[in-house]
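A.B. asks: Handing you a structure now.
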Amino acid sequence: MPAVTLEKKSKKGAVAAFIGVLVILAGVIVLENTLDPNRNLIVFTALKKGAVYALVAVSMNLLNGFTGLFSLGQAGFMLLGGYTYAILTIPSAEREGVYYMYDGSAINFSITESLQNLFGGGGVGGAVGLVLGVLIAIIIAGLVAALIAWLIGLPVLKLKSDYLAIATLGFAEIIRAVFQWPNLGRVTNGANALNRFPTLSDFNITNADGQVVLRLSTFVVFAIAGLCIFLIVLLINSSYGRALKAIREDEVAAEAMGINLAKHKRMSFIISSFFTGVAGALFAMYVNQVQAKTFNSAMTYELLLIVVLGGMGSVSGSVIAAFLYVASSEWWLRFLDSEIILENGFKVPFLRNGFRLVVFSVIIMIVVLFFR
């Protein structure tokens, strides 16, 4: 009887979570088509970046929080995903302009362009081709990150604790340097940015005059990130997830119970990297360009901070912490960077460019110490 009751509660929780996600997605559509995107740009910027960071934080938590592997290579896998997506979706006619310093691109193929032509070019067919092309490119971006994770995981996952963190952080720095190598310029565009590929704004529906009638840019990133997080939750609640938790608690006991440590660690590392690569593609669509210098170690530390704030081994905590972190750093505290002069001529002290980061750092320290 208790098992049946527990199963019913689990099903009710899953249904409630699913309904909650649908309500959030509907609310995002309403919000996006109600508020003026020009006057409320910072709101949608925080929402989009928060959704991307939430996906990366949850995938990082799968590795660090649920499996007990301390990895700091997320920025490198995001870079792989972002570059893969951009390289595969830049239209052929735009490649010469993007790769102008290298006399054109070595890859003259665009998945989205090919599918749009297959489905009839413009109109509904072109829209279907765009959506399918973008989704396929995002999946390939995740697969490329997963493949590289499998390759480096063979030697790296033999390390533990801080040594694993140093090795994965070194991988992220190496891959960033490699992608800026001029000899790979016809593929990666060297240290220059890749752009002119389909972005989130391309999912807005327009009429014959080119006017936007339905905005879906924020909805798209929420939907894809939400689906990926849902899949991660399914994995965590499966028998594989329980095996990962057992490895986190005690590797010796887990191995004694018949769990293949190497196999499950590798699986966790690859799956986490896949979803991080997907997040990298979404990040490229969010910022409208991809440049290697963006994916530095500071980005990894931001993501690690979000995981710590939300709680190791907590999916909901990672999601909430991601949105709070982005909103605080990008939106709520931005007024601290501008001077404020009162009516009597008194100038509020300390308010100047960069003071926002000082206050934000202090808040983060307080939260980590007392309200994690």
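Chain lettering (A, B, ...) mirrors the order of the structure tokens, residue numbering begins at 1 for each chain separately, and ligand numbering begins at 1 in order of display.
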Extract, using only C-alpha atoms, all DNA, RNA and protein residues at most 9 Å from Tyr53 in chain A, discarding same-chain residues fewer than 3 positions from it, and format them as a list in words.
C.D. replies: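 Near neighbours after the sequence-gap exclusion: Lys48, Lys49, Gly50, Val56, Ala57, Val58, Ala279, Phe283, Leu303, Ile306, Val319, Ala322, Phe323 and Val326 of chain A.
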A.B. asks: Can you list, as an MDAnalysis selection string, every protein, DNA or RNA residue that comes within 10 Å of Ile87 in chain A when you count only C-alpha atoms, leaving out same-chain residues fewer than 2 positions away?
C.D. replies: chainID A and resid 82:85 89:91 95 105:111 137 141 187:189 194:195 197 290
A.B. asks: Take the residues just selected and output them with N, CA and C atoms as a PDB file, in the first residue's frame.
C.D. replies:
ATOM      1  N   GLY A  82      28.138  25.923 -29.898  1.00  0.00           N
ATOM      2  CA  GLY A  82      27.861  27.180 -30.582  1.00  0.00           C
ATOM      3  C   GLY A  82      28.496  27.243 -31.954  1.00  0.00           C
ATOM      4  N   TYR A  83      29.756  26.848 -32.057  1.00  0.00           N
ATOM      5  CA  TYR A  83      30.450  26.885 -33.340  1.00  0.00           C
ATOM      6  C   TYR A  83      29.861  25.872 -34.323  1.00  0.00           C
ATOM      7  N   THR A  84      29.527  24.683 -33.835  1.00  0.00           N
ATOM      8  CA  THR A  84      28.929  23.670 -34.720  1.00  0.00           C
ATOM      9  C   THR A  84      27.626  24.174 -35.308  1.00  0.00           C
ATOM     10  N   TYR A  85      26.783  24.757 -34.466  1.00  0.00           N
ATOM     11  CA  TYR A  85      25.508  25.290 -34.941  1.00  0.00           C
ATOM     12  C   TYR A  85      25.733  26.383 -35.978  1.00  0.00           C
ATOM     13  N   THR A  89      24.765  26.377 -40.232  1.00  0.00           N
ATOM     14  CA  THR A  89      23.531  27.100 -40.587  1.00  0.00           C
ATOM     15  C   THR A  89      23.753  28.434 -41.295  1.00  0.00           C
ATOM     16  N   ILE A  90      24.997  28.889 -41.434  1.00  0.00           N
ATOM     17  CA  ILE A  90      25.233  30.139 -42.162  1.00  0.00           C
ATOM     18  C   ILE A  90      24.875  29.929 -43.628  1.00  0.00           C
ATOM     19  N   PRO A  91      23.999  30.750 -44.211  1.00  0.00           N
ATOM     20  CA  PRO A  91      23.619  30.591 -45.628  1.00  0.00           C
ATOM     21  C   PRO A  91      24.830  30.692 -46.547  1.00  0.00           C
ATOM     22  N   ARG A  95      28.416  33.372 -46.574  1.00  0.00           N
ATOM     23  CA  ARG A  95      29.680  32.841 -46.055  1.00  0.00           C
ATOM     24  C   ARG A  95      30.883  33.679 -46.484  1.00  0.00           C
ATOM     25  N   SER A 105      34.696  30.288 -46.974  1.00  0.00           N
ATOM     26  CA  SER A 105      34.596  29.192 -46.016  1.00  0.00           C
ATOM     27  C   SER A 105      34.954  27.865 -46.651  1.00  0.00           C
ATOM     28  N   ALA A 106      35.548  26.979 -45.859  1.00  0.00           N
ATOM     29  CA  ALA A 106      35.852  25.631 -46.343  1.00  0.00           C
ATOM     30  C   ALA A 106      34.600  24.776 -46.409  1.00  0.00           C
ATOM     31  N   ILE A 107      33.546  25.195 -45.706  1.00  0.00           N
ATOM     32  CA  ILE A 107      32.273  24.465 -45.703  1.00  0.00           C
ATOM     33  C   ILE A 107      31.209  25.344 -46.341  1.00  0.00           C
ATOM     34  N   ASN A 108      30.730  24.960 -47.487  1.00  0.00           N
ATOM     35  CA  ASN A 108      29.730  25.748 -48.210  1.00  0.00           C
ATOM     36  C   ASN A 108      28.394  25.012 -48.226  1.00  0.00           C
ATOM     37  N   PHE A 109      27.948  24.634 -47.050  1.00  0.00           N
ATOM     38  CA  PHE A 109      26.704  23.880 -46.912  1.00  0.00           C
ATOM     39  C   PHE A 109      25.942  24.405 -45.712  1.00  0.00           C
ATOM     40  N   SER A 110      24.653  24.612 -45.880  1.00  0.00           N
ATOM     41  CA  SER A 110      23.800  25.086 -44.799  1.00  0.00           C
ATOM     42  C   SER A 110      22.603  24.154 -44.655  1.00  0.00           C
ATOM     43  N   ILE A 111      22.447  23.580 -43.478  1.00  0.00           N
ATOM     44  CA  ILE A 111      21.327  22.664 -43.247  1.00  0.00           C
ATOM     45  C   ILE A 111      19.991  23.380 -43.405  1.00  0.00           C
ATOM     46  N   ALA A 137      20.411  21.126 -36.532  1.00  0.00           N
ATOM     47  CA  ALA A 137      21.723  21.721 -36.245  1.00  0.00           C
ATOM     48  C   ALA A 137      21.994  21.752 -34.739  1.00  0.00           C
ATOM     49  N   ALA A 141      24.952  19.852 -32.843  1.00  0.00           N
ATOM     50  CA  ALA A 141      25.840  20.597 -31.940  1.00  0.00           C
ATOM     51  C   ALA A 141      26.031  19.831 -30.638  1.00  0.00           C
ATOM     52  N   VAL A 187      37.359  27.482 -41.361  1.00  0.00           N
ATOM     53  CA  VAL A 187      36.285  26.730 -40.699  1.00  0.00           C
ATOM     54  C   VAL A 187      35.719  27.515 -39.520  1.00  0.00           C
ATOM     55  N   THR A 188      36.608  27.991 -38.651  1.00  0.00           N
ATOM     56  CA  THR A 188      36.171  28.662 -37.420  1.00  0.00           C
ATOM     57  C   THR A 188      36.198  30.185 -37.519  1.00  0.00           C
ATOM     58  N   ASN A 189      36.759  30.715 -38.602  1.00  0.00           N
ATOM     59  CA  ASN A 189      36.929  32.160 -38.790  1.00  0.00           C
ATOM     60  C   ASN A 189      37.934  32.748 -37.810  1.00  0.00           C
ATOM     61  N   LEU A 194      31.602  34.492 -35.802  1.00  0.00           N
ATOM     62  CA  LEU A 194      30.694  33.923 -36.807  1.00  0.00           C
ATOM     63  C   LEU A 194      29.310  34.518 -36.575  1.00  0.00           C
ATOM     64  N   ASN A 195      28.650  34.939 -37.631  1.00  0.00           N
ATOM     65  CA  ASN A 195      27.318  35.524 -37.503  1.00  0.00           C
ATOM     66  C   ASN A 195      26.508  35.245 -38.764  1.00  0.00           C
ATOM     67  N   PHE A 197      23.781  33.692 -39.054  1.00  0.00           N
ATOM     68  CA  PHE A 197      23.053  32.421 -39.025  1.00  0.00           C
ATOM     69  C   PHE A 197      21.675  32.657 -38.398  1.00  0.00           C
ATOM     70  N   VAL A 290      28.971  34.023 -32.616  1.00  0.00           N
ATOM     71  CA  VAL A 290      29.804  33.100 -31.853  1.00  0.00           C
ATOM     72  C   VAL A 290      31.247  33.567 -31.972  1.00  0.00           C
TER      73      VAL A 290
END
A.B. asks: Out of range 17-253 of chain A, which residues get strand (DSSP E) from DSSP, as number ranges by chain?
C.D. replies: A: 205-206, 212-214
A.B. asks: Check the smallest atom-to-atom distance from each of A:Leu169, A:Ile229, A:Ile24, A:Asn237 to Ser318 in chain A using only C-alpha atoms, then report the winner.
C.D. replies: A:Ile229
A.B. asks: Which of these, A:Val287, A:Val233, A:Met299, A:Val367, has the shortest distance to Phe66 in chain A once you count only C-alpha atoms?
C.D. replies: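 Ranking A:Val287, A:Val233, A:Met299, A:Val367 by distance to Phe66 in chain A, first place goes to A:Val233.
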A.B. asks: Pick out the closest residue to Val156 in chain A from this set: A:Ala256, A:Ile138, A:Ile224, A:Leu69. Count only C-alpha atoms.
C.D. replies: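 Closest candidate: A:Leu69.
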